[in-house]
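The data block below is coords-v3.cif; it holds mmCIF, N, CA and C atoms.
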data_start
loop_
_atom_site.group_PDB
_atom_site.id
_atom_site.type_symbol
_atom_site.label_atom_id
_atom_site.label_comp_id
_atom_site.auth_asym_id
_atom_site.auth_seq_id
_atom_site.Cartn_x
_atom_site.Cartn_y
_atom_site.Cartn_z
ATOM 1 N N MET V 390 39.909 -44.848 -30.315
ATOM 2 C CA MET V 390 40.632 -45.748 -31.178
ATOM 3 C C MET V 390 41.021 -45.065 -32.488
ATOM 4 N N GLN V 391 40.068 -44.381 -33.093
ATOM 5 C CA GLN V 391 40.353 -43.760 -34.369
ATOM 6 C C GLN V 391 41.347 -42.609 -34.212
ATOM 7 N N CYS V 392 41.292 -41.928 -33.078
ATOM 8 C CA CYS V 392 42.245 -40.843 -32.845
ATOM 9 C C CYS V 392 43.672 -41.372 -32.836
ATOM 10 N N ARG V 393 43.872 -42.514 -32.219
ATOM 11 C CA ARG V 393 45.222 -43.093 -32.158
ATOM 12 C C ARG V 393 45.733 -43.463 -33.539
ATOM 13 N N GLU V 394 44.828 -43.843 -34.426
ATOM 14 C CA GLU V 394 45.232 -44.217 -35.784
ATOM 15 C C GLU V 394 45.526 -42.996 -36.646
ATOM 16 N N LYS V 395 44.791 -41.907 -36.423
ATOM 17 C CA LYS V 395 44.877 -40.745 -37.305
ATOM 18 C C LYS V 395 45.766 -39.624 -36.783
ATOM 19 N N LEU V 396 45.977 -39.554 -35.456
ATOM 20 C CA LEU V 396 46.725 -38.440 -34.865
ATOM 21 C C LEU V 396 48.051 -38.920 -34.291
ATOM 22 N N THR V 397 48.972 -37.967 -34.153
ATOM 23 C CA THR V 397 50.219 -38.283 -33.469
ATOM 24 C C THR V 397 49.938 -38.419 -31.977
ATOM 25 N N ALA V 398 50.837 -39.036 -31.247
ATOM 26 C CA ALA V 398 50.593 -39.396 -29.852
ATOM 27 C C ALA V 398 50.264 -38.190 -28.968
ATOM 28 N N TYR V 399 50.928 -37.055 -29.161
ATOM 29 C CA TYR V 399 50.687 -35.922 -28.276
ATOM 30 C C TYR V 399 49.382 -35.199 -28.589
ATOM 31 N N LYS V 400 48.756 -35.481 -29.720
ATOM 32 C CA LYS V 400 47.493 -34.844 -30.080
ATOM 33 C C LYS V 400 46.267 -35.678 -29.704
ATOM 34 N N VAL V 401 46.461 -36.899 -29.259
ATOM 35 C CA VAL V 401 45.341 -37.775 -28.902
ATOM 36 C C VAL V 401 44.741 -37.269 -27.588
ATOM 37 N N PRO V 402 43.435 -36.992 -27.549
ATOM 38 C CA PRO V 402 42.817 -36.502 -26.303
ATOM 39 C C PRO V 402 42.836 -37.561 -25.213
ATOM 40 N N LYS V 403 43.052 -37.108 -23.981
ATOM 41 C CA LYS V 403 43.076 -38.026 -22.839
ATOM 42 C C LYS V 403 41.668 -38.254 -22.293
ATOM 43 N N HIS V 404 40.839 -37.208 -22.353
ATOM 44 C CA HIS V 404 39.471 -37.291 -21.850
ATOM 45 C C HIS V 404 38.535 -36.653 -22.865
ATOM 46 N N VAL V 405 37.328 -37.202 -22.960
ATOM 47 C CA VAL V 405 36.291 -36.643 -23.824
ATOM 48 C C VAL V 405 35.040 -36.479 -22.980
ATOM 49 N N GLU V 406 34.432 -35.296 -23.063
ATOM 50 C CA GLU V 406 33.225 -35.028 -22.290
ATOM 51 C C GLU V 406 32.096 -34.689 -23.253
ATOM 52 N N PHE V 407 30.975 -35.361 -23.095
ATOM 53 C CA PHE V 407 29.810 -35.098 -23.925
ATOM 54 C C PHE V 407 28.847 -34.202 -23.158
ATOM 55 N N ARG V 408 28.354 -33.171 -23.812
ATOM 56 C CA ARG V 408 27.422 -32.233 -23.200
ATOM 57 C C ARG V 408 26.207 -32.063 -24.097
ATOM 58 N N ALA V 409 25.078 -31.772 -23.482
ATOM 59 C CA ALA V 409 23.868 -31.507 -24.257
ATOM 60 C C ALA V 409 23.985 -30.149 -24.961
ATOM 61 N N GLU V 410 24.567 -29.177 -24.271
ATOM 62 C CA GLU V 410 24.736 -27.830 -24.834
ATOM 63 C C GLU V 410 26.059 -27.254 -24.376
ATOM 64 N N LEU V 411 26.562 -26.318 -25.156
ATOM 65 C CA LEU V 411 27.748 -25.564 -24.787
ATOM 66 C C LEU V 411 27.324 -24.135 -24.468
ATOM 67 N N PRO V 412 28.010 -23.481 -23.505
ATOM 68 C CA PRO V 412 27.662 -22.088 -23.209
ATOM 69 C C PRO V 412 28.036 -21.207 -24.396
ATOM 70 N N LYS V 413 27.101 -20.361 -24.816
ATOM 71 C CA LYS V 413 27.328 -19.512 -25.983
ATOM 72 C C LYS V 413 26.984 -18.061 -25.682
ATOM 73 N N THR V 414 27.586 -17.163 -26.461
ATOM 74 C CA THR V 414 27.262 -15.750 -26.382
ATOM 75 C C THR V 414 25.983 -15.501 -27.170
ATOM 76 N N LEU V 415 25.511 -14.263 -27.149
ATOM 77 C CA LEU V 415 24.319 -13.916 -27.918
ATOM 78 C C LEU V 415 24.558 -14.054 -29.415
ATOM 79 N N VAL V 416 25.807 -13.909 -29.834
ATOM 80 C CA VAL V 416 26.163 -14.035 -31.246
ATOM 81 C C VAL V 416 26.230 -15.498 -31.665
ATOM 82 N N GLY V 417 26.470 -16.387 -30.703
ATOM 83 C CA GLY V 417 26.537 -17.812 -31.000
ATOM 84 C C GLY V 417 27.918 -18.418 -30.849
ATOM 85 N N LYS V 418 28.875 -17.604 -30.416
ATOM 86 C CA LYS V 418 30.232 -18.132 -30.207
ATOM 87 C C LYS V 418 30.277 -18.894 -28.880
ATOM 88 N N ILE V 419 31.109 -19.918 -28.832
ATOM 89 C CA ILE V 419 31.252 -20.725 -27.612
ATOM 90 C C ILE V 419 32.083 -19.955 -26.588
ATOM 91 N N LEU V 420 31.594 -19.928 -25.353
ATOM 92 C CA LEU V 420 32.299 -19.246 -24.267
ATOM 93 C C LEU V 420 33.337 -20.183 -23.667
ATOM 94 N N LYS V 421 34.536 -20.136 -24.204
ATOM 95 C CA LYS V 421 35.612 -21.014 -23.744
ATOM 96 C C LYS V 421 35.997 -20.693 -22.307
ATOM 97 N N ARG V 422 35.912 -19.426 -21.939
ATOM 98 C CA ARG V 422 36.264 -18.996 -20.587
ATOM 99 C C ARG V 422 35.380 -19.701 -19.557
ATOM 100 N N VAL V 423 34.111 -19.844 -19.854
ATOM 101 C CA VAL V 423 33.189 -20.516 -18.942
ATOM 102 C C VAL V 423 33.549 -21.994 -18.822
ATOM 103 N N LEU V 424 33.904 -22.609 -19.922
ATOM 104 C CA LEU V 424 34.303 -24.022 -19.897
ATOM 105 C C LEU V 424 35.553 -24.221 -19.046
ATOM 106 N N VAL V 425 36.511 -23.323 -19.173
ATOM 107 C CA VAL V 425 37.741 -23.410 -18.388
ATOM 108 C C VAL V 425 37.425 -23.235 -16.903
ATOM 109 N N GLU V 426 36.554 -22.269 -16.569
ATOM 110 C CA GLU V 426 36.192 -22.046 -15.170
ATOM 111 C C GLU V 426 35.495 -23.267 -14.573
ATOM 112 N N GLU V 427 34.601 -23.895 -15.347
ATOM 113 C CA GLU V 427 33.922 -25.096 -14.872
ATOM 114 C C GLU V 427 34.908 -26.234 -14.633
ATOM 115 N N GLU V 428 35.856 -26.381 -15.515
ATOM 116 C CA GLU V 428 36.857 -27.450 -15.367
ATOM 117 C C GLU V 428 37.732 -27.206 -14.145
ATOM 118 N N LEU V 429 38.139 -25.964 -13.923
ATOM 119 C CA LEU V 429 38.943 -25.646 -12.737
ATOM 120 C C LEU V 429 38.152 -25.906 -11.461
ATOM 121 N N ALA V 430 36.862 -25.588 -11.476
ATOM 122 C CA ALA V 430 36.021 -25.830 -10.300
ATOM 123 C C ALA V 430 35.895 -27.324 -10.022
ATOM 124 N N LYS V 431 35.771 -28.127 -11.086
ATOM 125 C CA LYS V 431 35.697 -29.584 -10.910
ATOM 126 C C LYS V 431 36.991 -30.122 -10.317
ATOM 127 N N GLN V 432 38.122 -29.599 -10.787
ATOM 128 C CA GLN V 432 39.411 -30.082 -10.296
ATOM 129 C C GLN V 432 39.600 -29.709 -8.833
ATOM 130 N N LYS V 433 39.177 -28.494 -8.463
ATOM 131 C CA LYS V 433 39.311 -28.074 -7.065
ATOM 132 C C LYS V 433 38.435 -28.899 -6.148
ATOM 133 N N SER V 434 37.207 -29.192 -6.572
ATOM 134 C CA SER V 434 36.308 -29.979 -5.721
ATOM 135 C C SER V 434 36.784 -31.428 -5.618
ATOM 136 N N ALA V 435 37.419 -31.949 -6.653
ATOM 137 C CA ALA V 435 37.928 -33.319 -6.610
ATOM 138 C C ALA V 435 39.171 -33.413 -5.727
ATOM 139 N N ALA V 436 39.917 -32.326 -5.618
ATOM 140 C CA ALA V 436 41.148 -32.340 -4.836
ATOM 141 C C ALA V 436 40.872 -32.240 -3.339
ATOM 142 N N LYS V 437 39.712 -31.687 -2.960
ATOM 143 C CA LYS V 437 39.403 -31.557 -1.532
ATOM 144 C C LYS V 437 38.998 -32.909 -0.968
ATOM 145 N N PRO V 438 39.541 -33.231 0.225
ATOM 146 C CA PRO V 438 39.200 -34.533 0.837
ATOM 147 C C PRO V 438 37.834 -34.539 1.486
#

Write-out of the structure in structure tokens:
Amino acid sequence: MQCREKLTAYKVPKHVEFRAELPKTLVGKILKRVLVEEELAKQKSAAKP
């Protein structure tokens, strides 16, 4: 709700996922590549009948 009030229409997120932890490197940076791979795997498994 607040996103719709504060952001323009194309910037409003369609989905929000809550996680206990994010994958990180030893330095502490978030591994975005791992998140993308997990999302692609979820999409592939959902597409299979």

DSSP alpha helix (DSSP H) residues within chain V, as a PDB file with N, CA and C atoms, keeping the file's coordinate frame:
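As a result, selection-v8.pdb now contains:
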ATOM      1  N   GLN V 391      40.068 -44.381 -33.093  1.00  0.00           N
ATOM      2  CA  GLN V 391      40.353 -43.760 -34.369  1.00  0.00           C
ATOM      3  C   GLN V 391      41.347 -42.609 -34.212  1.00  0.00           C
ATOM      4  N   CYS V 392      41.292 -41.928 -33.078  1.00  0.00           N
ATOM      5  CA  CYS V 392      42.245 -40.843 -32.845  1.00  0.00           C
ATOM      6  C   CYS V 392      43.672 -41.372 -32.836  1.00  0.00           C
ATOM      7  N   ARG V 393      43.872 -42.514 -32.219  1.00  0.00           N
ATOM      8  CA  ARG V 393      45.222 -43.093 -32.158  1.00  0.00           C
ATOM      9  C   ARG V 393      45.733 -43.463 -33.539  1.00  0.00           C
ATOM     10  N   GLU V 394      44.828 -43.843 -34.426  1.00  0.00           N
ATOM     11  CA  GLU V 394      45.232 -44.217 -35.784  1.00  0.00           C
ATOM     12  C   GLU V 394      45.526 -42.996 -36.646  1.00  0.00           C
ATOM     13  N   LYS V 395      44.791 -41.907 -36.423  1.00  0.00           N
ATOM     14  CA  LYS V 395      44.877 -40.745 -37.305  1.00  0.00           C
ATOM     15  C   LYS V 395      45.766 -39.624 -36.783  1.00  0.00           C
ATOM     16  N   LYS V 421      34.536 -20.136 -24.204  1.00  0.00           N
ATOM     17  CA  LYS V 421      35.612 -21.014 -23.744  1.00  0.00           C
ATOM     18  C   LYS V 421      35.997 -20.693 -22.307  1.00  0.00           C
ATOM     19  N   ARG V 422      35.912 -19.426 -21.939  1.00  0.00           N
ATOM     20  CA  ARG V 422      36.264 -18.996 -20.587  1.00  0.00           C
ATOM     21  C   ARG V 422      35.380 -19.701 -19.557  1.00  0.00           C
ATOM     22  N   VAL V 423      34.111 -19.844 -19.854  1.00  0.00           N
ATOM     23  CA  VAL V 423      33.189 -20.516 -18.942  1.00  0.00           C
ATOM     24  C   VAL V 423      33.549 -21.994 -18.822  1.00  0.00           C
ATOM     25  N   LEU V 424      33.904 -22.609 -19.922  1.00  0.00           N
ATOM     26  CA  LEU V 424      34.303 -24.022 -19.897  1.00  0.00           C
ATOM     27  C   LEU V 424      35.553 -24.221 -19.046  1.00  0.00           C
ATOM     28  N   VAL V 425      36.511 -23.323 -19.173  1.00  0.00           N
ATOM     29  CA  VAL V 425      37.741 -23.410 -18.388  1.00  0.00           C
ATOM     30  C   VAL V 425      37.425 -23.235 -16.903  1.00  0.00           C
ATOM     31  N   GLU V 426      36.554 -22.269 -16.569  1.00  0.00           N
ATOM     32  CA  GLU V 426      36.192 -22.046 -15.170  1.00  0.00           C
ATOM     33  C   GLU V 426      35.495 -23.267 -14.573  1.00  0.00           C
ATOM     34  N   GLU V 427      34.601 -23.895 -15.347  1.00  0.00           N
ATOM     35  CA  GLU V 427      33.922 -25.096 -14.872  1.00  0.00           C
ATOM     36  C   GLU V 427      34.908 -26.234 -14.633  1.00  0.00           C
ATOM     37  N   GLU V 428      35.856 -26.381 -15.515  1.00  0.00           N
ATOM     38  CA  GLU V 428      36.857 -27.450 -15.367  1.00  0.00           C
ATOM     39  C   GLU V 428      37.732 -27.206 -14.145  1.00  0.00           C
ATOM     40  N   LEU V 429      38.139 -25.964 -13.923  1.00  0.00           N
ATOM     41  CA  LEU V 429      38.943 -25.646 -12.737  1.00  0.00           C
ATOM     42  C   LEU V 429      38.152 -25.906 -11.461  1.00  0.00           C
ATOM     43  N   ALA V 430      36.862 -25.588 -11.476  1.00  0.00           N
ATOM     44  CA  ALA V 430      36.021 -25.830 -10.300  1.00  0.00           C
ATOM     45  C   ALA V 430      35.895 -27.324 -10.022  1.00  0.00           C
ATOM     46  N   LYS V 431      35.771 -28.127 -11.086  1.00  0.00           N
ATOM     47  CA  LYS V 431      35.697 -29.584 -10.910  1.00  0.00           C
ATOM     48  C   LYS V 431      36.991 -30.122 -10.317  1.00  0.00           C
ATOM     49  N   GLN V 432      38.122 -29.599 -10.787  1.00  0.00           N
ATOM     50  CA  GLN V 432      39.411 -30.082 -10.296  1.00  0.00           C
ATOM     51  C   GLN V 432      39.600 -29.709  -8.833  1.00  0.00           C
ATOM     52  N   LYS V 433      39.177 -28.494  -8.463  1.00  0.00           N
ATOM     53  CA  LYS V 433      39.311 -28.074  -7.065  1.00  0.00           C
ATOM     54  C   LYS V 433      38.435 -28.899  -6.148  1.00  0.00           C
ATOM     55  N   SER V 434      37.207 -29.192  -6.572  1.00  0.00           N
ATOM     56  CA  SER V 434      36.308 -29.979  -5.721  1.00  0.00           C
ATOM     57  C   SER V 434      36.784 -31.428  -5.618  1.00  0.00           C
ATOM     58  N   ALA V 435      37.419 -31.949  -6.653  1.00  0.00           N
ATOM     59  CA  ALA V 435      37.928 -33.319  -6.610  1.00  0.00           C
ATOM     60  C   ALA V 435      39.171 -33.413  -5.727  1.00  0.00           C
ATOM     61  N   ALA V 436      39.917 -32.326  -5.618  1.00  0.00           N
ATOM     62  CA  ALA V 436      41.148 -32.340  -4.836  1.00  0.00           C
ATOM     63  C   ALA V 436      40.872 -32.240  -3.339  1.00  0.00           C
TER      64      ALA V 436
END

Residues matched by the PyMOL selection byres (((chain V and resi 396-411 and name CA) around 12) and name CA), written as a PyMOL selection string | chain V and resi 390-395+412-414+417-424+427-428

Draw an axis-aligned box over all listed atoms of stretch 415-419 of chain V, pad each side with 8 Å, and write its centre and edge lengths in Å, one decimal, as JSON.
{"center_x": 28.2, "center_y": -17.3, "center_z": -29.1, "size_x": 23.8, "size_y": 22.8, "size_z": 21.1}
